[in-house]
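Here's the structure we're looking at; comments come further down.
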Amino acid sequence: MVSVVLLTRTILVILSTCYTNGLELADLYPYGTQHGDTMMTGSSLSSTSLLAPIDNLVRLSEAGLMATRYSVIRFGYLEIVNNGNDKVFLNLLYQSSSDTSNTKIYGRTTAYPGFIQRATDQINEAFPNTFCSTSPPTQLIIVTWIDFAKAGSNLGSNFQAIIATNGSNTFGIALYVNVSIASATTGLSSNINGRLVPANPSFFPFGATVTNAPAMMLNSNIPGTYIFSLNHIPPDPCTEPSPPDCSAVCKTKLLKMTCEALRINHENLPAPCHN
């Protein structure tokens, strides 16, 4: 049995290091109204409150602001907003001229443990000791674009963004299944206190040449997968707590069992058994 388990793990490691086919729709985090998403076709998702505010967020924290809401925009980007109108934009395929009449948008926040653990494992693989059992993410924002800009000969693009945060430590995961447009704005931009900062095209390795997004990667061994920090100040690496030292407890239990066995067999008891 042990050999089977070891063989299975070895195969999984080999497959993870040889992942060359890119992502499929089934590889995305589950999306759809059956999973609790709000869904719109051809329109953006209106502003929605986060499960809890996010501090130390890039751009916003620099201005002493916290994120409290998010919006999913049909033109291929996510807005993270404070209580006012200050915003950070995560541009995945921003193209304002796109025909989005057939674009399906899904979005939700969740604290589901299975998805939290999945995001934690992905982020920790790229950035070790980012999240530990003592400081895991407490919520995810999961937003998905399906058939983005699908019209005429354009077959549409499919992609997803995951934001994992515990309120003071925030990372993002971008997943691109396929892209059917040649260029778009990508990366972070912001509009804070009336000051607009445009996106830096070097945020993702493919820049504006988004047709390469499903084939490239960032801090991952899976094509189409990009993992990145969204922190203003990088947090200190966390450490898992050491397991408790049970040696004293184990010795006490072993002594008790030994003494009971000696009593049952009417043997002479050593001094420790009298204590």
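In the structure tokens, chains take letters A, B, ... by order of appearance, with residues numbered from 1 within each chain and ligands from 1 in the order shown.
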
Select from region 13-60 of chain A everything DSSP, run on the backbone, classes as strand (DSSP E or B), then give the selection as a PyMOL selection string.
chain A and resi 38-41+45-54+57

Mind checking which residues fall within 6 Å of region 119-134 of chain A, counting only C-alpha atoms, ignoring those fewer than 3 positions away in the same chain, and posting them as a list in words?
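Once the nearby chain positions are removed, what remains is Ile116, Asn219, Pro237, Cys238 and Glu240 of chain A.
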
Straight-line distance linking CA of Ser229 (chain A) with CA of Ala164 (chain A), stated in Å to one decimal:
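Pair CA of Ser229 (chain A) / CA of Ala164 (chain A) returns 9.8 Å.
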
Quick one: contact table of region 197-228 of chain A to region 167-179 of chain A, 6 Å max, nearest atom pair and distance in Å to one decimal per residue, counting only C-alpha atoms, chain and number order, as a tab-separated table?
residue	atom	partner	partner_atom	distance
A:Thr211	CA	A:Val179	CA	5.5
A:Pro214	CA	A:Tyr176	CA	5.1
A:Gly224	CA	A:Tyr176	CA	4.8
A:Thr225	CA	A:Leu175	CA	4.9
A:Tyr226	CA	A:Ala174	CA	5.0
A:Ile227	CA	A:Ile173	CA	4.5
A:Phe228	CA	A:Gly172	CA	5.3

Residues of the last selection are to be written out with N, CA and C atoms, as an mmCIF file, in the first residue's frame.
data_model
loop_
_atom_site.group_PDB
_atom_site.id
_atom_site.type_symbol
_atom_site.label_atom_id
_atom_site.label_comp_id
_atom_site.auth_asym_id
_atom_site.auth_seq_id
_atom_site.Cartn_x
_atom_site.Cartn_y
_atom_site.Cartn_z
ATOM 1 N N THR A 211 -2.209 37.360 -26.811
ATOM 2 C CA THR A 211 -2.357 36.032 -27.417
ATOM 3 C C THR A 211 -1.368 35.042 -26.811
ATOM 4 N N PRO A 214 -2.038 32.423 -22.670
ATOM 5 C CA PRO A 214 -2.290 31.022 -22.301
ATOM 6 C C PRO A 214 -1.057 30.128 -22.382
ATOM 7 N N GLY A 224 -0.324 29.622 -18.659
ATOM 8 C CA GLY A 224 -1.561 30.368 -18.474
ATOM 9 C C GLY A 224 -1.841 30.753 -17.040
ATOM 10 N N THR A 225 -0.880 30.496 -16.132
ATOM 11 C CA THR A 225 -1.082 30.743 -14.705
ATOM 12 C C THR A 225 -0.101 31.808 -14.224
ATOM 13 N N TYR A 226 -0.614 32.832 -13.555
ATOM 14 C CA TYR A 226 0.206 33.961 -13.120
ATOM 15 C C TYR A 226 -0.138 34.289 -11.670
ATOM 16 N N ILE A 227 0.856 34.248 -10.798
ATOM 17 C CA ILE A 227 0.662 34.470 -9.369
ATOM 18 C C ILE A 227 1.470 35.703 -8.968
ATOM 19 N N PHE A 228 0.866 36.609 -8.221
ATOM 20 C CA PHE A 228 1.512 37.895 -7.978
ATOM 21 C C PHE A 228 1.024 38.502 -6.660
#

Could you please determine the separation between CA of Arg118 (chain A) and CA of Leu51 (chain A) in Å, to one decimal place?
18.8 Å

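One finds CA of Met217 (chain A) at 24.4 Å from CA of Gln139 (chain A).
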
Fewer than 4 positions away in the same chain doesn't count, so skip those; otherwise give me all residues within 12 Å of Val210 (chain A), counting only C-alpha atoms, as a ChimeraX atom specification.
/A:76,91-95,157,159,176-187,201,204-206,214-216,224

What lies within 6 Å of region 144-156 of chain A using only C-alpha atoms, ignoring chain neighbours under 4 positions off, as a VMD selection string?
chain A and resid 98 to 100 102 to 106 160 180

Take the residues from that selection and write them out as a PDB file, in the first residue's frame, keeping N, CA and C atoms.
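The result, stored in part.pdb:
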ATOM      1  N   SER A  98     -14.131  46.566 -27.205  1.00  0.00           N
ATOM      2  CA  SER A  98     -14.617  45.211 -27.460  1.00  0.00           C
ATOM      3  C   SER A  98     -16.139  45.164 -27.499  1.00  0.00           C
ATOM      4  N   ASP A  99     -16.657  44.315 -28.359  1.00  0.00           N
ATOM      5  CA  ASP A  99     -18.083  44.014 -28.371  1.00  0.00           C
ATOM      6  C   ASP A  99     -18.329  42.978 -27.283  1.00  0.00           C
ATOM      7  N   THR A 100     -18.890  43.404 -26.159  1.00  0.00           N
ATOM      8  CA  THR A 100     -19.068  42.498 -25.019  1.00  0.00           C
ATOM      9  C   THR A 100     -20.514  42.023 -24.867  1.00  0.00           C
ATOM     10  N   ASN A 102     -21.936  39.459 -25.858  1.00  0.00           N
ATOM     11  CA  ASN A 102     -22.059  38.022 -25.578  1.00  0.00           C
ATOM     12  C   ASN A 102     -21.188  37.566 -24.404  1.00  0.00           C
ATOM     13  N   THR A 103     -20.495  38.512 -23.773  1.00  0.00           N
ATOM     14  CA  THR A 103     -19.596  38.168 -22.675  1.00  0.00           C
ATOM     15  C   THR A 103     -20.385  37.802 -21.425  1.00  0.00           C
ATOM     16  N   LYS A 104     -20.043  36.654 -20.856  1.00  0.00           N
ATOM     17  CA  LYS A 104     -20.671  36.213 -19.604  1.00  0.00           C
ATOM     18  C   LYS A 104     -19.693  36.485 -18.462  1.00  0.00           C
ATOM     19  N   ILE A 105     -20.159  37.156 -17.428  1.00  0.00           N
ATOM     20  CA  ILE A 105     -19.321  37.525 -16.288  1.00  0.00           C
ATOM     21  C   ILE A 105     -19.892  36.881 -15.029  1.00  0.00           C
ATOM     22  N   TYR A 106     -18.999  36.287 -14.251  1.00  0.00           N
ATOM     23  CA  TYR A 106     -19.376  35.651 -12.997  1.00  0.00           C
ATOM     24  C   TYR A 106     -18.504  36.231 -11.875  1.00  0.00           C
ATOM     25  N   GLN A 160      -9.836  34.057 -15.823  1.00  0.00           N
ATOM     26  CA  GLN A 160     -10.339  34.151 -14.446  1.00  0.00           C
ATOM     27  C   GLN A 160      -9.302  34.829 -13.558  1.00  0.00           C
ATOM     28  N   SER A 180      -8.552  35.290 -27.730  1.00  0.00           N
ATOM     29  CA  SER A 180      -8.842  35.425 -29.163  1.00  0.00           C
ATOM     30  C   SER A 180      -8.740  36.856 -29.658  1.00  0.00           C
TER      31      SER A 180
END
